[in-house]
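**Student:** File name work.pdb; file contents PDB, C-alpha atoms; full text below.
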```pdb
ATOM      1  CA  MET R   1       6.306 -56.519 -50.817  1.00  0.00           C
ATOM      2  CA  TYR R   2       7.565 -56.739 -47.259  1.00  0.00           C
ATOM      3  CA  ILE R   3       7.221 -53.845 -44.818  1.00  0.00           C
ATOM      4  CA  SER R   4       9.517 -53.016 -41.914  1.00  0.00           C
ATOM      5  CA  VAL R   5       7.988 -50.506 -39.494  1.00  0.00           C
ATOM      6  CA  LEU R   6       9.877 -48.581 -36.828  1.00  0.00           C
ATOM      7  CA  VAL R   7       8.308 -46.420 -34.119  1.00  0.00           C
ATOM      8  CA  ILE R   8      10.914 -44.113 -32.606  1.00  0.00           C
ATOM      9  CA  PRO R   9      10.852 -41.562 -29.754  1.00  0.00           C
ATOM     10  CA  VAL R  10      12.884 -38.547 -30.921  1.00  0.00           C
ATOM     11  CA  PRO R  11      13.570 -35.395 -28.887  1.00  0.00           C
ATOM     12  CA  GLU R  12      12.021 -32.400 -30.651  1.00  0.00           C
ATOM     13  CA  ARG R  13      15.360 -30.587 -30.500  1.00  0.00           C
ATOM     14  CA  ASN R  14      16.863 -33.421 -32.611  1.00  0.00           C
ATOM     15  CA  MET R  15      14.445 -33.148 -35.531  1.00  0.00           C
ATOM     16  CA  ASP R  16      17.108 -31.836 -37.935  1.00  0.00           C
ATOM     17  CA  LEU R  17      19.687 -34.357 -36.717  1.00  0.00           C
ATOM     18  CA  TYR R  18      17.145 -37.173 -37.107  1.00  0.00           C
ATOM     19  CA  HIS R  19      16.362 -36.009 -40.644  1.00  0.00           C
ATOM     20  CA  SER R  20      20.062 -35.953 -41.534  1.00  0.00           C
ATOM     21  CA  CYS R  21      20.557 -39.469 -40.159  1.00  0.00           C
ATOM     22  CA  ALA R  22      17.416 -40.693 -41.943  1.00  0.00           C
ATOM     23  CA  VAL R  23      18.704 -39.405 -45.291  1.00  0.00           C
ATOM     24  CA  LYS R  24      22.039 -41.204 -44.790  1.00  0.00           C
ATOM     25  CA  SER R  25      20.295 -44.397 -43.660  1.00  0.00           C
ATOM     26  CA  ALA R  26      17.900 -44.329 -46.607  1.00  0.00           C
ATOM     27  CA  ALA R  27      20.846 -44.253 -49.029  1.00  0.00           C
ATOM     28  CA  ILE R  28      22.299 -47.338 -47.319  1.00  0.00           C
ATOM     29  CA  PHE R  29      18.995 -49.230 -47.337  1.00  0.00           C
ATOM     30  CA  LYS R  30      18.425 -48.349 -50.996  1.00  0.00           C
ATOM     31  CA  LYS R  31      21.904 -49.650 -51.862  1.00  0.00           C
ATOM     32  CA  TYR R  32      20.936 -52.967 -50.261  1.00  0.00           C
ATOM     33  CA  GLY R  33      17.602 -53.273 -52.056  1.00  0.00           C
ATOM     34  CA  CYS R  34      14.998 -51.277 -50.131  1.00  0.00           C
ATOM     35  CA  ILE R  35      12.392 -49.944 -52.568  1.00  0.00           C
ATOM     36  CA  GLU R  36      11.082 -46.998 -50.575  1.00  0.00           C
ATOM     37  CA  ILE R  37      11.329 -45.387 -47.149  1.00  0.00           C
ATOM     38  CA  ILE R  38       8.720 -43.086 -45.668  1.00  0.00           C
ATOM     39  CA  ASP R  39       9.428 -41.220 -42.430  1.00  0.00           C
ATOM     40  CA  GLY R  40       6.682 -39.390 -40.551  1.00  0.00           C
ATOM     41  CA  TRP R  41       7.149 -36.866 -37.737  1.00  0.00           C
ATOM     42  CA  GLU R  42       4.376 -36.775 -35.128  1.00  0.00           C
ATOM     43  CA  ASP R  43       1.592 -34.373 -36.049  1.00  0.00           C
ATOM     44  CA  PHE R  44      -1.642 -35.844 -34.661  1.00  0.00           C
ATOM     45  CA  VAL R  45      -0.998 -38.797 -32.344  1.00  0.00           C
ATOM     46  CA  PRO R  46      -3.832 -38.972 -29.818  1.00  0.00           C
ATOM     47  CA  ARG R  47      -3.298 -40.423 -26.383  1.00  0.00           C
ATOM     48  CA  GLY R  48      -5.418 -43.519 -25.799  1.00  0.00           C
ATOM     49  CA  LYS R  49      -7.072 -44.780 -22.647  1.00  0.00           C
ATOM     50  CA  GLN R  50      -5.183 -48.100 -22.685  1.00  0.00           C
ATOM     51  CA  THR R  51      -2.582 -48.020 -25.466  1.00  0.00           C
ATOM     52  CA  ASP R  52      -1.102 -45.524 -27.882  1.00  0.00           C
ATOM     53  CA  PHE R  53       2.144 -44.706 -29.681  1.00  0.00           C
ATOM     54  CA  HIS R  54       3.360 -42.575 -26.769  1.00  0.00           C
ATOM     55  CA  ARG R  55       3.056 -45.420 -24.262  1.00  0.00           C
ATOM     56  CA  ALA R  56       4.531 -47.893 -26.718  1.00  0.00           C
ATOM     57  CA  VAL R  57       7.850 -46.018 -26.830  1.00  0.00           C
ATOM     58  CA  ALA R  58       7.678 -44.645 -23.264  1.00  0.00           C
ATOM     59  CA  ILE R  59       7.668 -41.079 -24.598  1.00  0.00           C
ATOM     60  CA  LYS R  60       9.330 -38.468 -22.423  1.00  0.00           C
ATOM     61  CA  GLU R  61       8.693 -34.744 -22.103  1.00  0.00           C
ATOM     62  CA  GLY R  62       9.972 -32.934 -25.190  1.00  0.00           C
ATOM     63  CA  GLU R  63       9.918 -35.997 -27.472  1.00  0.00           C
ATOM     64  CA  LYS R  64       7.857 -36.739 -30.564  1.00  0.00           C
ATOM     65  CA  VAL R  65       6.948 -40.052 -32.149  1.00  0.00           C
ATOM     66  CA  VAL R  66       8.505 -40.801 -35.531  1.00  0.00           C
ATOM     67  CA  VAL R  67       7.265 -43.630 -37.733  1.00  0.00           C
ATOM     68  CA  SER R  68       9.497 -45.051 -40.436  1.00  0.00           C
ATOM     69  CA  LEU R  69       8.244 -47.468 -43.086  1.00  0.00           C
ATOM     70  CA  GLN R  70      10.702 -49.427 -45.196  1.00  0.00           C
ATOM     71  CA  ILE R  71       9.281 -51.157 -48.259  1.00  0.00           C
ATOM     72  CA  TRP R  72      11.277 -54.195 -49.436  1.00  0.00           C
ATOM     73  CA  PRO R  73      10.647 -56.346 -52.515  1.00  0.00           C
ATOM     74  CA  ASP R  74       9.999 -59.428 -50.356  1.00  0.00           C
ATOM     75  CA  LYS R  75      10.779 -61.034 -47.002  1.00  0.00           C
ATOM     76  CA  GLU R  76      13.807 -62.916 -48.309  1.00  0.00           C
ATOM     77  CA  ARG R  77      15.422 -59.730 -49.662  1.00  0.00           C
ATOM     78  CA  PHE R  78      14.833 -57.943 -46.356  1.00  0.00           C
ATOM     79  CA  TYR R  79      16.502 -60.658 -44.268  1.00  0.00           C
ATOM     80  CA  SER R  80      19.395 -61.262 -46.661  1.00  0.00           C
ATOM     81  CA  SER R  81      19.996 -57.498 -46.887  1.00  0.00           C
ATOM     82  CA  GLU R  82      19.892 -57.131 -43.086  1.00  0.00           C
ATOM     83  CA  ALA R  83      22.489 -59.883 -42.750  1.00  0.00           C
ATOM     84  CA  LYS R  84      24.682 -58.341 -45.452  1.00  0.00           C
ATOM     85  CA  MET R  85      24.428 -54.828 -43.932  1.00  0.00           C
ATOM     86  CA  HIS R  86      25.545 -56.190 -40.551  1.00  0.00           C
ATOM     87  CA  GLU R  87      28.329 -58.214 -42.177  1.00  0.00           C
ATOM     88  CA  ASP R  88      29.485 -55.113 -44.100  1.00  0.00           C
ATOM     89  CA  LYS R  89      29.088 -52.971 -40.947  1.00  0.00           C
ATOM     90  CA  ALA R  90      26.972 -50.613 -43.066  1.00  0.00           C
ATOM     91  CA  LEU R  91      24.625 -49.965 -40.139  1.00  0.00           C
ATOM     92  CA  GLU R  92      27.324 -48.847 -37.711  1.00  0.00           C
ATOM     93  CA  VAL R  93      26.567 -45.314 -36.599  1.00  0.00           C
ATOM     94  CA  GLU R  94      29.193 -42.600 -36.439  1.00  0.00           C
ATOM     95  CA  GLY R  95      28.498 -39.662 -34.167  1.00  0.00           C
ATOM     96  CA  GLU R  96      25.439 -38.913 -32.098  1.00  0.00           C
ATOM     97  CA  VAL R  97      22.306 -41.029 -32.439  1.00  0.00           C
ATOM     98  CA  PRO R  98      19.361 -38.604 -32.322  1.00  0.00           C
ATOM     99  CA  PHE R  99      17.095 -40.868 -30.219  1.00  0.00           C
ATOM    100  CA  ASP R 100      17.080 -43.504 -27.471  1.00  0.00           C
ATOM    101  CA  ALA R 101      17.364 -46.726 -29.488  1.00  0.00           C
ATOM    102  CA  SER R 102      16.451 -48.828 -26.432  1.00  0.00           C
ATOM    103  CA  ARG R 103      12.848 -47.571 -26.786  1.00  0.00           C
ATOM    104  CA  LEU R 104      12.597 -48.047 -30.560  1.00  0.00           C
ATOM    105  CA  ILE R 105       9.983 -50.559 -31.715  1.00  0.00           C
ATOM    106  CA  ILE R 106      10.420 -52.569 -34.914  1.00  0.00           C
ATOM    107  CA  GLY R 107       8.060 -54.966 -36.617  1.00  0.00           C
ATOM    108  CA  CYS R 108       7.947 -56.578 -40.051  1.00  0.00           C
ATOM    109  CA  PHE R 109       4.787 -57.290 -41.984  1.00  0.00           C
ATOM    110  CA  GLU R 110       3.699 -59.298 -45.005  1.00  0.00           C
ATOM    111  CA  THR R 111       1.630 -57.280 -47.473  1.00  0.00           C
ATOM    112  CA  ILE R 112      -2.013 -58.337 -47.600  1.00  0.00           C
ATOM    113  CA  LYS R 113      -3.313 -55.435 -49.678  1.00  0.00           C
ATOM    114  CA  ASN R 114      -1.703 -52.713 -51.729  1.00  0.00           C
ATOM    115  CA  MET R 115      -4.063 -50.127 -53.185  1.00  0.00           C
ATOM    116  CA  ALA R 116      -1.779 -49.693 -56.192  1.00  0.00           C
ATOM    117  CA  GLU R 117      -1.693 -53.425 -56.930  1.00  0.00           C
ATOM    118  CA  GLY R 118      -5.084 -54.662 -55.674  1.00  0.00           C
ATOM    119  CA  GLU R 119      -5.667 -57.765 -53.587  1.00  0.00           C
ATOM    120  CA  LYS R 120      -2.856 -60.172 -52.742  1.00  0.00           C
ATOM    121  CA  ALA R 121      -3.465 -63.921 -52.948  1.00  0.00           C
TER     122      ALA R 121
END
```
Any chance you could give the structure as structure tokens?

**Tutor:**
Amino acid sequence: MYISVLVIPVPERNMDLYHSCAVKSAAIFKKYGCIEIIDGWEDFVPRGKQTDFHRAVAIKEGEKVVVSLQIWPDKERFYSSEAKMHEDKALEVEGEVPFDASRLIIGCFETIKNMAEGEKA
């Protein structure tokens, strides 16, 4: 498995709009091979002394941190799907984007352990 993680600052007033966009996006990612998507709306995100999620996305008054995890079969499928989605213009957004994409953080990770599968080699 390959994991794509996004950390997103979303205005609280846009929670419903974000959810609507996330549902539409999930359908697109699934069509291109994503296995699972998990979105989490900030509930308990403590502020650290040096670093934290809020500082990472330069949170502003009235915003919450959203974390989105995309689970892909493997790294190759993720990158080939990303290229195909851009080629197909599947990721082009119509209407209002419910967050400031310039402060979004993305990172991709190789799986080293999956509790459902046990240790990875």

**Student:** Pick the closest to Arg55 (chain R) from R:Pro9, R:Pro73, R:Gly95, R:Gly33: which is it, counting all atoms listed in the file?

**Tutor:**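 Of R:Pro9, R:Pro73, R:Gly95, R:Gly33, the one nearest Arg55 (chain R) is R:Pro9, counting all atoms listed in the file.
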
**Student:** Tell me which residues the PyMOL selection byres ((chain R and resi 54) around 10) grabs here, as an MDAnalysis selection string.

**Tutor:** chainID R and resid 7:9 45:48 51:53 55:60 63:65

**Student:** Name the residues captured by the PyMOL selection byres ((chain R and resi 39) around 10) when it is applied to the shown file; answer as a PyMOL selection string.

**Tutor:** chain R and resi 5-7+19+22-23+26+37-38+40-42+66-70

**Student:** Please save C-alpha atoms of the selected residues as a PDB file, in the frame of the given file.

**Tutor:**
```
ATOM      1  CA  VAL R   5       7.988 -50.506 -39.494  1.00  0.00           C
ATOM      2  CA  LEU R   6       9.877 -48.581 -36.828  1.00  0.00           C
ATOM      3  CA  VAL R   7       8.308 -46.420 -34.119  1.00  0.00           C
ATOM      4  CA  HIS R  19      16.362 -36.009 -40.644  1.00  0.00           C
ATOM      5  CA  ALA R  22      17.416 -40.693 -41.943  1.00  0.00           C
ATOM      6  CA  VAL R  23      18.704 -39.405 -45.291  1.00  0.00           C
ATOM      7  CA  ALA R  26      17.900 -44.329 -46.607  1.00  0.00           C
ATOM      8  CA  ILE R  37      11.329 -45.387 -47.149  1.00  0.00           C
ATOM      9  CA  ILE R  38       8.720 -43.086 -45.668  1.00  0.00           C
ATOM     10  CA  GLY R  40       6.682 -39.390 -40.551  1.00  0.00           C
ATOM     11  CA  TRP R  41       7.149 -36.866 -37.737  1.00  0.00           C
ATOM     12  CA  GLU R  42       4.376 -36.775 -35.128  1.00  0.00           C
ATOM     13  CA  VAL R  66       8.505 -40.801 -35.531  1.00  0.00           C
ATOM     14  CA  VAL R  67       7.265 -43.630 -37.733  1.00  0.00           C
ATOM     15  CA  SER R  68       9.497 -45.051 -40.436  1.00  0.00           C
ATOM     16  CA  LEU R  69       8.244 -47.468 -43.086  1.00  0.00           C
ATOM     17  CA  GLN R  70      10.702 -49.427 -45.196  1.00  0.00           C
TER      18      GLN R  70
END
```

**Student:** Env of Asn14 (chain R): 8 Å cut, atoms = all atoms listed in the file, seq-sep filter 3 positions within chain, self excluded. Answer as a PyMOL selection string.

**Tutor:** chain R and resi 10-11+17-18+98-99

**Student:** Where does the PyMOL selection byres ((chain R and resi 1) around 6) land in this file, that is, which residues does it pick, as JSON, numbers by chain?

**Tutor:** {"R": [2, 72, 73, 74, 111]}

**Student:** Can you tell me how far CA of Ala90 (chain R) sits from CA of Tyr32 (chain R), in Å to one decimal?

**Tutor:**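 One can read the CA of Ala90 (chain R) to CA of Tyr32 (chain R) distance as 9.7 Å.
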
**Student:** Could you please determine the separation between CA of Asp88 (chain R) and CA of Lys24 (chain R) in Å, to one decimal place?

**Tutor:**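 Going from CA of Asp88 (chain R) over to CA of Lys24 (chain R) covers 15.8 Å.
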
**Student:** Using Å and a single decimal, report how far CA of Cys21 (chain R) sits from CA of Ser102 (chain R).

**Tutor:**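 That distance, rounded to one decimal, is 17.1 Å.
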
**Student:** My list of candidates is R:Glu36, R:Ser25, R:Lys75, R:Lys49. Which is closest to Val93 (chain R) when distances are computed with all atoms listed in the file?

**Tutor:** R:Ser25

**Student:** Restricting the calculation to only C-alpha atoms, which member of R:Ser20, R:Cys34, R:Ile112, R:Phe44 is positioned closest to Tyr79 (chain R)?

**Tutor:**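 Ranking R:Ser20, R:Cys34, R:Ile112, R:Phe44 by distance to Tyr79 (chain R), first place goes to R:Cys34.
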
**Student:** Find, counting only C-alpha atoms, the residue in R:Met115, R:Glu94, R:Phe29, R:Gln50 that gets nearest to Glu82 (chain R).

**Tutor:**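 Result for the nearest residue to Glu82 (chain R): R:Phe29.
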
**Student:** Could region 31-42 of chain R be completed with all heavy atoms and written as a short mmCIF file (atom, residue, chain, number, x, y, z; two decimals), keeping the file's coordinate frame, please?

**Tutor:**
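As a result, result-v7.cif now contains:
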```
data_model
loop_
_atom_site.label_atom_id
_atom_site.label_comp_id
_atom_site.auth_asym_id
_atom_site.auth_seq_id
_atom_site.Cartn_x
_atom_site.Cartn_y
_atom_site.Cartn_z
N LYS R 31 20.77 -48.92 -51.29
CA LYS R 31 21.90 -49.65 -51.86
C LYS R 31 21.74 -51.16 -51.67
O LYS R 31 22.15 -51.95 -52.51
CB LYS R 31 23.20 -49.17 -51.20
CG LYS R 31 24.44 -49.90 -51.63
CD LYS R 31 25.66 -49.39 -50.89
CE LYS R 31 26.88 -50.25 -51.16
NZ LYS R 31 28.03 -49.85 -50.38
N TYR R 32 21.11 -51.56 -50.56
CA TYR R 32 20.94 -52.97 -50.26
C TYR R 32 19.58 -53.52 -50.70
O TYR R 32 19.23 -54.63 -50.35
CB TYR R 32 21.16 -53.21 -48.77
CG TYR R 32 22.62 -53.18 -48.39
CD1 TYR R 32 23.25 -51.96 -48.12
CD2 TYR R 32 23.38 -54.33 -48.33
CE1 TYR R 32 24.60 -51.92 -47.79
CE2 TYR R 32 24.73 -54.31 -48.00
CZ TYR R 32 25.33 -53.09 -47.73
OH TYR R 32 26.67 -53.05 -47.41
N GLY R 33 18.82 -52.74 -51.46
CA GLY R 33 17.60 -53.27 -52.06
C GLY R 33 16.27 -52.76 -51.56
O GLY R 33 15.22 -53.19 -52.04
N CYS R 34 16.26 -51.84 -50.61
CA CYS R 34 15.00 -51.28 -50.13
C CYS R 34 14.37 -50.45 -51.27
O CYS R 34 15.06 -49.68 -51.93
CB CYS R 34 15.25 -50.40 -48.91
SG CYS R 34 13.75 -49.84 -48.08
N ILE R 35 13.09 -50.63 -51.48
CA ILE R 35 12.39 -49.94 -52.57
C ILE R 35 12.04 -48.51 -52.20
O ILE R 35 12.19 -47.60 -53.01
CB ILE R 35 11.10 -50.70 -52.95
CG1 ILE R 35 11.43 -52.09 -53.45
CG2 ILE R 35 10.29 -49.92 -53.96
CD1 ILE R 35 10.21 -52.99 -53.58
N GLU R 36 11.56 -48.33 -50.98
CA GLU R 36 11.08 -47.00 -50.58
C GLU R 36 11.13 -46.89 -49.05
O GLU R 36 10.95 -47.87 -48.35
CB GLU R 36 9.65 -46.80 -51.05
CG GLU R 36 9.08 -45.44 -50.79
CD GLU R 36 7.72 -45.21 -51.44
OE1 GLU R 36 7.17 -46.15 -52.04
OE2 GLU R 36 7.21 -44.10 -51.31
N ILE R 37 11.39 -45.67 -48.58
CA ILE R 37 11.33 -45.39 -47.15
C ILE R 37 10.48 -44.14 -46.95
O ILE R 37 10.67 -43.14 -47.65
CB ILE R 37 12.73 -45.16 -46.54
CG1 ILE R 37 13.56 -46.45 -46.65
CG2 ILE R 37 12.62 -44.72 -45.08
CD1 ILE R 37 14.96 -46.32 -46.15
N ILE R 38 9.58 -44.23 -46.00
CA ILE R 38 8.72 -43.09 -45.67
C ILE R 38 8.89 -42.82 -44.18
O ILE R 38 8.68 -43.72 -43.36
CB ILE R 38 7.24 -43.39 -45.98
CG1 ILE R 38 7.08 -43.73 -47.46
CG2 ILE R 38 6.36 -42.21 -45.57
CD1 ILE R 38 5.73 -44.35 -47.79
N ASP R 39 9.31 -41.62 -43.83
CA ASP R 39 9.43 -41.22 -42.43
C ASP R 39 8.35 -40.20 -42.13
O ASP R 39 8.10 -39.29 -42.92
CB ASP R 39 10.80 -40.60 -42.15
CG ASP R 39 11.89 -41.63 -42.03
OD1 ASP R 39 11.73 -42.55 -41.22
OD2 ASP R 39 12.91 -41.52 -42.73
N GLY R 40 7.71 -40.34 -40.98
CA GLY R 40 6.68 -39.39 -40.55
C GLY R 40 6.96 -38.87 -39.16
O GLY R 40 7.21 -39.65 -38.24
N TRP R 41 6.94 -37.54 -39.02
CA TRP R 41 7.15 -36.87 -37.74
C TRP R 41 5.79 -36.62 -37.10
O TRP R 41 4.86 -36.16 -37.78
CB TRP R 41 7.87 -35.54 -38.00
CG TRP R 41 8.29 -34.81 -36.77
CD1 TRP R 41 7.61 -33.79 -36.17
CD2 TRP R 41 9.47 -35.00 -35.99
NE1 TRP R 41 8.29 -33.34 -35.07
CE2 TRP R 41 9.45 -34.07 -34.94
CE3 TRP R 41 10.55 -35.87 -36.09
CZ2 TRP R 41 10.45 -33.98 -33.99
CZ3 TRP R 41 11.55 -35.78 -35.14
CH2 TRP R 41 11.50 -34.84 -34.10
N GLU R 42 5.65 -36.91 -35.83
CA GLU R 42 4.38 -36.78 -35.13
C GLU R 42 3.70 -35.45 -35.43
O GLU R 42 4.28 -34.38 -35.29
CB GLU R 42 4.60 -36.89 -33.62
CG GLU R 42 3.34 -36.69 -32.81
CD GLU R 42 3.57 -36.79 -31.32
OE1 GLU R 42 4.57 -37.38 -30.87
OE2 GLU R 42 2.73 -36.25 -30.58
#
```
